[in-house]
Amino acid sequence: MYYPWHHFVLLPAAFILAAYGVRRYVDVAGNDSEDSRLWFTVAALAVVSLGVLLMLRQHYALTLQDRLIRLEVRQQYFEATGQSLRPLEDQLTLAQILSLRFAGDAELPALVQASIREKLSPKDIQARIQDFHFDHMRV
């Protein structure tokens with residue numbers, strides 16, 4: 001899926017500006033002139049902007065995965081207990097929920113309660129998991 005503003009406007013503009021800025025700087029490199037400093041600044045800013053735009057797409061993917069994992073844990077908890085996890089979610093941090101995804105169905109309800117009651121850290125949650133389900137699909 002494409003996000004038109006990001007894929008068809010910002011990324012191409014950043015690529016073009018970075019390439020043009022680098023090419024112009026190479027033409028005047030070595031000169032101690034305002035043109036040299038100007039094109040170096042333009043090229044540097046364009047390359048940094050391009051890097052930020054490329055890292056932004058990774059941020060989008062990780063944010064989406066966090067939302068999906070939250071939904072998976074909700075579904076797993078509902079299937080294991082017949083109750084919704086939503087009332088308890090406010091008492092759990094995102095990091096705790098992300099750690100709970102590794103738990104098997106049988107131990108998830110008890111781990112959720114222990115996480116809330118004892119304020120377990122994500123490492124503590126993972127240490128208590130007996131039936132560990134690895135997640136090999138993380139971006």
# chains A, B, ... in the order shown; residues from 1 in each chain; ligands from 1

call {"tool": "closest_atom_pairs", "arguments": {"of": "range 17-99 of chain A", "to": "range 123-132 of chain A", "cutoff": "12 Å", "atoms": "only C-alpha atoms", "output": "JSON lines"}}
result
{"residue": "A:Leu92", "atom": "CA", "partner": "A:Ile125", "partner_atom": "CA", "distance": 11.8}
{"residue": "A:Ala95", "atom": "CA", "partner": "A:Lys123", "partner_atom": "CA", "distance": 9.6}
{"residue": "A:Gln96", "atom": "CA", "partner": "A:Ile125", "partner_atom": "CA", "distance": 7.4}
{"residue": "A:Ile97", "atom": "CA", "partner": "A:Ile125", "partner_atom": "CA", "distance": 9.6}
{"residue": "A:Leu98", "atom": "CA", "partner": "A:Ile125", "partner_atom": "CA", "distance": 10.0}
{"residue": "A:Ser99", "atom": "CA", "partner": "A:Gln126", "partner_atom": "CA", "distance": 6.2}

call {"tool": "write_last_selection", "arguments": {"atoms": "N, CA and C atoms", "output": "PDB file, in the first residue's frame"}}
result
ATOM      1  N   LEU A  92      -1.870  -2.327  32.461  1.00  0.00           N
ATOM      2  CA  LEU A  92      -0.665  -2.922  31.864  1.00  0.00           C
ATOM      3  C   LEU A  92       0.017  -1.909  30.953  1.00  0.00           C
ATOM      4  N   ALA A  95       4.801  -2.424  27.008  1.00  0.00           N
ATOM      5  CA  ALA A  95       5.915  -3.378  27.089  1.00  0.00           C
ATOM      6  C   ALA A  95       5.485  -4.681  27.758  1.00  0.00           C
ATOM      7  N   GLN A  96       4.630  -4.592  28.775  1.00  0.00           N
ATOM      8  CA  GLN A  96       4.127  -5.801  29.426  1.00  0.00           C
ATOM      9  C   GLN A  96       3.265  -6.617  28.460  1.00  0.00           C
ATOM     10  N   ILE A  97       2.397  -5.924  27.715  1.00  0.00           N
ATOM     11  CA  ILE A  97       1.541  -6.620  26.754  1.00  0.00           C
ATOM     12  C   ILE A  97       2.381  -7.283  25.673  1.00  0.00           C
ATOM     13  N   LEU A  98       3.421  -6.587  25.216  1.00  0.00           N
ATOM     14  CA  LEU A  98       4.297  -7.161  24.193  1.00  0.00           C
ATOM     15  C   LEU A  98       5.015  -8.403  24.723  1.00  0.00           C
ATOM     16  N   SER A  99       5.322  -8.432  25.995  1.00  0.00           N
ATOM     17  CA  SER A  99       5.952  -9.614  26.583  1.00  0.00           C
ATOM     18  C   SER A  99       4.956 -10.744  26.794  1.00  0.00           C
TER      19      SER A  99
END

call {"tool": "select_by_dssp", "arguments": {"residues": "range 47-133 of chain A", "states": "helix (DSSP H, G or I)", "output": "PDB file with C-alpha atoms, in the first residue's frame"}}
result
ATOM      1  CA  VAL A  47      20.728  13.580   2.893  1.00  0.00           C
ATOM      2  CA  VAL A  48      19.657  13.881   6.545  1.00  0.00           C
ATOM      3  CA  SER A  49      16.036  14.521   5.469  1.00  0.00           C
ATOM      4  CA  LEU A  50      16.150  11.494   3.215  1.00  0.00           C
ATOM      5  CA  GLY A  51      17.439   9.366   6.098  1.00  0.00           C
ATOM      6  CA  VAL A  52      14.657  10.617   8.376  1.00  0.00           C
ATOM      7  CA  LEU A  53      12.030   9.811   5.749  1.00  0.00           C
ATOM      8  CA  LEU A  54      13.406   6.299   5.310  1.00  0.00           C
ATOM      9  CA  MET A  55      13.478   5.719   9.081  1.00  0.00           C
ATOM     10  CA  LEU A  56       9.905   7.007   9.340  1.00  0.00           C
ATOM     11  CA  ARG A  57       8.607   4.071   7.308  1.00  0.00           C
ATOM     12  CA  GLN A  58      10.217   1.678   9.831  1.00  0.00           C
ATOM     13  CA  HIS A  59       8.516   3.575  12.645  1.00  0.00           C
ATOM     14  CA  TYR A  60       5.147   3.155  10.890  1.00  0.00           C
ATOM     15  CA  ALA A  61       5.717  -0.603  10.579  1.00  0.00           C
ATOM     16  CA  LEU A  62       6.700  -1.028  14.236  1.00  0.00           C
ATOM     17  CA  THR A  63       3.751   1.039  15.468  1.00  0.00           C
ATOM     18  CA  LEU A  64       1.392  -1.067  13.396  1.00  0.00           C
ATOM     19  CA  GLN A  65       2.945  -4.262  14.735  1.00  0.00           C
ATOM     20  CA  ASP A  66       2.484  -3.070  18.308  1.00  0.00           C
ATOM     21  CA  ARG A  67      -1.207  -2.502  17.600  1.00  0.00           C
ATOM     22  CA  LEU A  68      -1.537  -5.941  16.035  1.00  0.00           C
ATOM     23  CA  ILE A  69       0.208  -7.618  18.973  1.00  0.00           C
ATOM     24  CA  ARG A  70      -2.170  -5.851  21.364  1.00  0.00           C
ATOM     25  CA  LEU A  71      -5.089  -7.278  19.366  1.00  0.00           C
ATOM     26  CA  GLU A  72      -3.519 -10.749  19.339  1.00  0.00           C
ATOM     27  CA  VAL A  73      -3.107 -10.720  23.118  1.00  0.00           C
ATOM     28  CA  ARG A  74      -6.699  -9.511  23.527  1.00  0.00           C
ATOM     29  CA  GLN A  75      -7.926 -12.363  21.331  1.00  0.00           C
ATOM     30  CA  GLN A  76      -5.738 -14.948  23.063  1.00  0.00           C
ATOM     31  CA  TYR A  77      -6.929 -13.777  26.501  1.00  0.00           C
ATOM     32  CA  PHE A  78     -10.565 -13.898  25.374  1.00  0.00           C
ATOM     33  CA  GLU A  79     -10.147 -17.421  23.973  1.00  0.00           C
ATOM     34  CA  ALA A  80      -8.451 -18.590  27.174  1.00  0.00           C
ATOM     35  CA  THR A  81     -10.863 -16.990  29.673  1.00  0.00           C
ATOM     36  CA  ARG A  86      -9.830  -4.377  27.814  1.00  0.00           C
ATOM     37  CA  PRO A  87     -10.741  -3.619  31.454  1.00  0.00           C
ATOM     38  CA  LEU A  88      -7.289  -4.814  32.517  1.00  0.00           C
ATOM     39  CA  GLU A  89      -5.316  -3.157  29.713  1.00  0.00           C
ATOM     40  CA  LEU A  94       2.598  -1.688  26.294  1.00  0.00           C
ATOM     41  CA  ALA A  95       5.915  -3.378  27.089  1.00  0.00           C
ATOM     42  CA  GLN A  96       4.127  -5.801  29.426  1.00  0.00           C
ATOM     43  CA  ILE A  97       1.541  -6.620  26.754  1.00  0.00           C
ATOM     44  CA  LEU A  98       4.297  -7.161  24.193  1.00  0.00           C
ATOM     45  CA  SER A  99       5.952  -9.614  26.583  1.00  0.00           C
ATOM     46  CA  LEU A 100       2.698 -11.426  27.305  1.00  0.00           C
ATOM     47  CA  LEU A 108      -1.712 -16.203  30.000  1.00  0.00           C
ATOM     48  CA  PRO A 109      -4.553 -15.376  32.469  1.00  0.00           C
ATOM     49  CA  ALA A 110      -2.354 -15.995  35.522  1.00  0.00           C
ATOM     50  CA  LEU A 111       0.510 -13.987  34.000  1.00  0.00           C
ATOM     51  CA  VAL A 112      -1.804 -11.066  33.256  1.00  0.00           C
ATOM     52  CA  GLN A 113      -3.013 -11.044  36.867  1.00  0.00           C
ATOM     53  CA  ALA A 114       0.549 -11.364  38.215  1.00  0.00           C
ATOM     54  CA  SER A 115       1.758  -8.583  35.907  1.00  0.00           C
ATOM     55  CA  ILE A 116      -0.906  -6.251  37.246  1.00  0.00           C
ATOM     56  CA  ARG A 117      -0.622  -7.277  40.891  1.00  0.00           C
ATOM     57  CA  GLU A 118       3.182  -7.402  41.101  1.00  0.00           C
ATOM     58  CA  PRO A 122       8.808  -7.367  30.673  1.00  0.00           C
ATOM     59  CA  LYS A 123      11.894  -9.438  31.529  1.00  0.00           C
ATOM     60  CA  ASP A 124      10.204 -10.804  34.644  1.00  0.00           C
ATOM     61  CA  ILE A 125       7.135 -11.745  32.592  1.00  0.00           C
ATOM     62  CA  GLN A 126       9.258 -13.572  30.043  1.00  0.00           C
ATOM     63  CA  ALA A 127      11.178 -15.352  32.807  1.00  0.00           C
ATOM     64  CA  ARG A 128       7.905 -16.755  34.211  1.00  0.00           C
TER      65      ARG A 128
END

call {"tool": "closest_residue", "arguments": {"among": "A:Ala106, A:Met137, A:Leu85, A:Ala46", "to": "Phe15 in chain A", "atoms": "only C-alpha atoms"}}
result
A:Ala46

call {"tool": "atom_distance", "arguments": {"atom1": "CA of Ala103 in chain A", "atom2": "CA of His133 in chain A"}}
result
6.2 Å

call {"tool": "atom_distance", "arguments": {"atom1": "CA of Phe102 in chain A", "atom2": "CA of Phe134 in chain A"}}
result
6.0 Å

call {"tool": "atom_distance", "arguments": {"atom1": "CA of Val22 in chain A", "atom2": "CA of Phe40 in chain A"}}
result
7.4 Å

call {"tool": "decode", "arguments": {"residues": "range 14-45 of chain A", "atoms": "N, CA and C atoms", "output": "PDB file, in the first residue's frame"}}
result
ATOM      1  N   ALA A  14      13.100  14.445  -1.933  1.00  0.00           N
ATOM      2  CA  ALA A  14      14.318  14.319  -1.121  1.00  0.00           C
ATOM      3  C   ALA A  14      15.443  13.670  -1.924  1.00  0.00           C
ATOM      4  N   PHE A  15      15.128  12.632  -2.708  1.00  0.00           N
ATOM      5  CA  PHE A  15      16.146  12.000  -3.561  1.00  0.00           C
ATOM      6  C   PHE A  15      16.715  12.995  -4.569  1.00  0.00           C
ATOM      7  N   ILE A  16      15.834  13.734  -5.236  1.00  0.00           N
ATOM      8  CA  ILE A  16      16.281  14.698  -6.245  1.00  0.00           C
ATOM      9  C   ILE A  16      17.118  15.800  -5.606  1.00  0.00           C
ATOM     10  N   LEU A  17      16.647  16.339  -4.495  1.00  0.00           N
ATOM     11  CA  LEU A  17      17.387  17.404  -3.820  1.00  0.00           C
ATOM     12  C   LEU A  17      18.734  16.909  -3.314  1.00  0.00           C
ATOM     13  N   ALA A  18      18.781  15.703  -2.783  1.00  0.00           N
ATOM     14  CA  ALA A  18      20.054  15.144  -2.301  1.00  0.00           C
ATOM     15  C   ALA A  18      21.018  14.931  -3.457  1.00  0.00           C
ATOM     16  N   ALA A  19      20.540  14.347  -4.549  1.00  0.00           N
ATOM     17  CA  ALA A  19      21.417  14.100  -5.706  1.00  0.00           C
ATOM     18  C   ALA A  19      21.905  15.415  -6.308  1.00  0.00           C
ATOM     19  N   TYR A  20      21.004  16.369  -6.466  1.00  0.00           N
ATOM     20  CA  TYR A  20      21.388  17.656  -7.045  1.00  0.00           C
ATOM     21  C   TYR A  20      22.342  18.409  -6.119  1.00  0.00           C
ATOM     22  N   GLY A  21      22.065  18.405  -4.835  1.00  0.00           N
ATOM     23  CA  GLY A  21      22.935  19.091  -3.883  1.00  0.00           C
ATOM     24  C   GLY A  21      24.331  18.487  -3.846  1.00  0.00           C
ATOM     25  N   VAL A  22      24.415  17.159  -3.853  1.00  0.00           N
ATOM     26  CA  VAL A  22      25.725  16.497  -3.855  1.00  0.00           C
ATOM     27  C   VAL A  22      26.471  16.805  -5.154  1.00  0.00           C
ATOM     28  N   ARG A  23      25.759  16.750  -6.294  1.00  0.00           N
ATOM     29  CA  ARG A  23      26.410  17.036  -7.575  1.00  0.00           C
ATOM     30  C   ARG A  23      26.922  18.474  -7.628  1.00  0.00           C
ATOM     31  N   ARG A  24      26.126  19.410  -7.184  1.00  0.00           N
ATOM     32  CA  ARG A  24      26.559  20.814  -7.188  1.00  0.00           C
ATOM     33  C   ARG A  24      27.720  21.032  -6.224  1.00  0.00           C
ATOM     34  N   TYR A  25      27.691  20.365  -5.065  1.00  0.00           N
ATOM     35  CA  TYR A  25      28.792  20.507  -4.119  1.00  0.00           C
ATOM     36  C   TYR A  25      30.080  19.934  -4.696  1.00  0.00           C
ATOM     37  N   VAL A  26      29.991  18.798  -5.373  1.00  0.00           N
ATOM     38  CA  VAL A  26      31.185  18.193  -5.980  1.00  0.00           C
ATOM     39  C   VAL A  26      31.805  19.145  -6.992  1.00  0.00           C
ATOM     40  N   ASP A  27      30.963  19.898  -7.722  1.00  0.00           N
ATOM     41  CA  ASP A  27      31.473  20.866  -8.701  1.00  0.00           C
ATOM     42  C   ASP A  27      32.271  21.993  -8.055  1.00  0.00           C
ATOM     43  N   VAL A  28      31.892  22.398  -6.846  1.00  0.00           N
ATOM     44  CA  VAL A  28      32.550  23.539  -6.202  1.00  0.00           C
ATOM     45  C   VAL A  28      33.385  23.133  -4.990  1.00  0.00           C
ATOM     46  N   ALA A  29      33.505  21.827  -4.742  1.00  0.00           N
ATOM     47  CA  ALA A  29      34.268  21.353  -3.584  1.00  0.00           C
ATOM     48  C   ALA A  29      35.713  21.809  -3.680  1.00  0.00           C
ATOM     49  N   GLY A  30      36.277  22.151  -2.571  1.00  0.00           N
ATOM     50  CA  GLY A  30      37.671  22.600  -2.534  1.00  0.00           C
ATOM     51  C   GLY A  30      37.799  24.109  -2.581  1.00  0.00           C
ATOM     52  N   ASN A  31      36.792  24.775  -3.105  1.00  0.00           N
ATOM     53  CA  ASN A  31      36.797  26.237  -3.121  1.00  0.00           C
ATOM     54  C   ASN A  31      36.368  26.730  -1.742  1.00  0.00           C
ATOM     55  N   ASP A  32      37.031  27.744  -1.270  1.00  0.00           N
ATOM     56  CA  ASP A  32      36.603  28.322   0.003  1.00  0.00           C
ATOM     57  C   ASP A  32      35.694  29.501  -0.321  1.00  0.00           C
ATOM     58  N   SER A  33      34.507  29.169  -0.802  1.00  0.00           N
ATOM     59  CA  SER A  33      33.572  30.210  -1.219  1.00  0.00           C
ATOM     60  C   SER A  33      32.213  29.972  -0.567  1.00  0.00           C
ATOM     61  N   GLU A  34      31.383  30.978  -0.704  1.00  0.00           N
ATOM     62  CA  GLU A  34      30.028  30.847  -0.164  1.00  0.00           C
ATOM     63  C   GLU A  34      29.245  29.784  -0.915  1.00  0.00           C
ATOM     64  N   ASP A  35      29.484  29.657  -2.220  1.00  0.00           N
ATOM     65  CA  ASP A  35      28.813  28.626  -3.007  1.00  0.00           C
ATOM     66  C   ASP A  35      29.139  27.240  -2.476  1.00  0.00           C
ATOM     67  N   SER A  36      30.390  27.011  -2.149  1.00  0.00           N
ATOM     68  CA  SER A  36      30.814  25.706  -1.636  1.00  0.00           C
ATOM     69  C   SER A  36      30.114  25.396  -0.315  1.00  0.00           C
ATOM     70  N   ARG A  37      30.105  26.361   0.581  1.00  0.00           N
ATOM     71  CA  ARG A  37      29.449  26.160   1.874  1.00  0.00           C
ATOM     72  C   ARG A  37      27.934  25.988   1.712  1.00  0.00           C
ATOM     73  N   LEU A  38      27.333  26.759   0.814  1.00  0.00           N
ATOM     74  CA  LEU A  38      25.897  26.674   0.577  1.00  0.00           C
ATOM     75  C   LEU A  38      25.520  25.282   0.058  1.00  0.00           C
ATOM     76  N   TRP A  39      26.234  24.786  -0.951  1.00  0.00           N
ATOM     77  CA  TRP A  39      25.881  23.495  -1.532  1.00  0.00           C
ATOM     78  C   TRP A  39      26.202  22.344  -0.582  1.00  0.00           C
ATOM     79  N   PHE A  40      27.215  22.518   0.239  1.00  0.00           N
ATOM     80  CA  PHE A  40      27.485  21.495   1.254  1.00  0.00           C
ATOM     81  C   PHE A  40      26.316  21.432   2.238  1.00  0.00           C
ATOM     82  N   THR A  41      25.831  22.585   2.660  1.00  0.00           N
ATOM     83  CA  THR A  41      24.716  22.651   3.607  1.00  0.00           C
ATOM     84  C   THR A  41      23.454  22.055   2.984  1.00  0.00           C
ATOM     85  N   VAL A  42      23.167  22.421   1.725  1.00  0.00           N
ATOM     86  CA  VAL A  42      21.984  21.888   1.045  1.00  0.00           C
ATOM     87  C   VAL A  42      22.085  20.371   0.922  1.00  0.00           C
ATOM     88  N   ALA A  43      23.236  19.875   0.497  1.00  0.00           N
ATOM     89  CA  ALA A  43      23.426  18.432   0.335  1.00  0.00           C
ATOM     90  C   ALA A  43      23.300  17.719   1.674  1.00  0.00           C
ATOM     91  N   ALA A  44      23.909  18.250   2.723  1.00  0.00           N
ATOM     92  CA  ALA A  44      23.856  17.616   4.043  1.00  0.00           C
ATOM     93  C   ALA A  44      22.426  17.569   4.574  1.00  0.00           C
ATOM     94  N   LEU A  45      21.704  18.676   4.451  1.00  0.00           N
ATOM     95  CA  LEU A  45      20.319  18.703   4.920  1.00  0.00           C
ATOM     96  C   LEU A  45      19.437  17.748   4.115  1.00  0.00           C
TER      97      LEU A  45
END
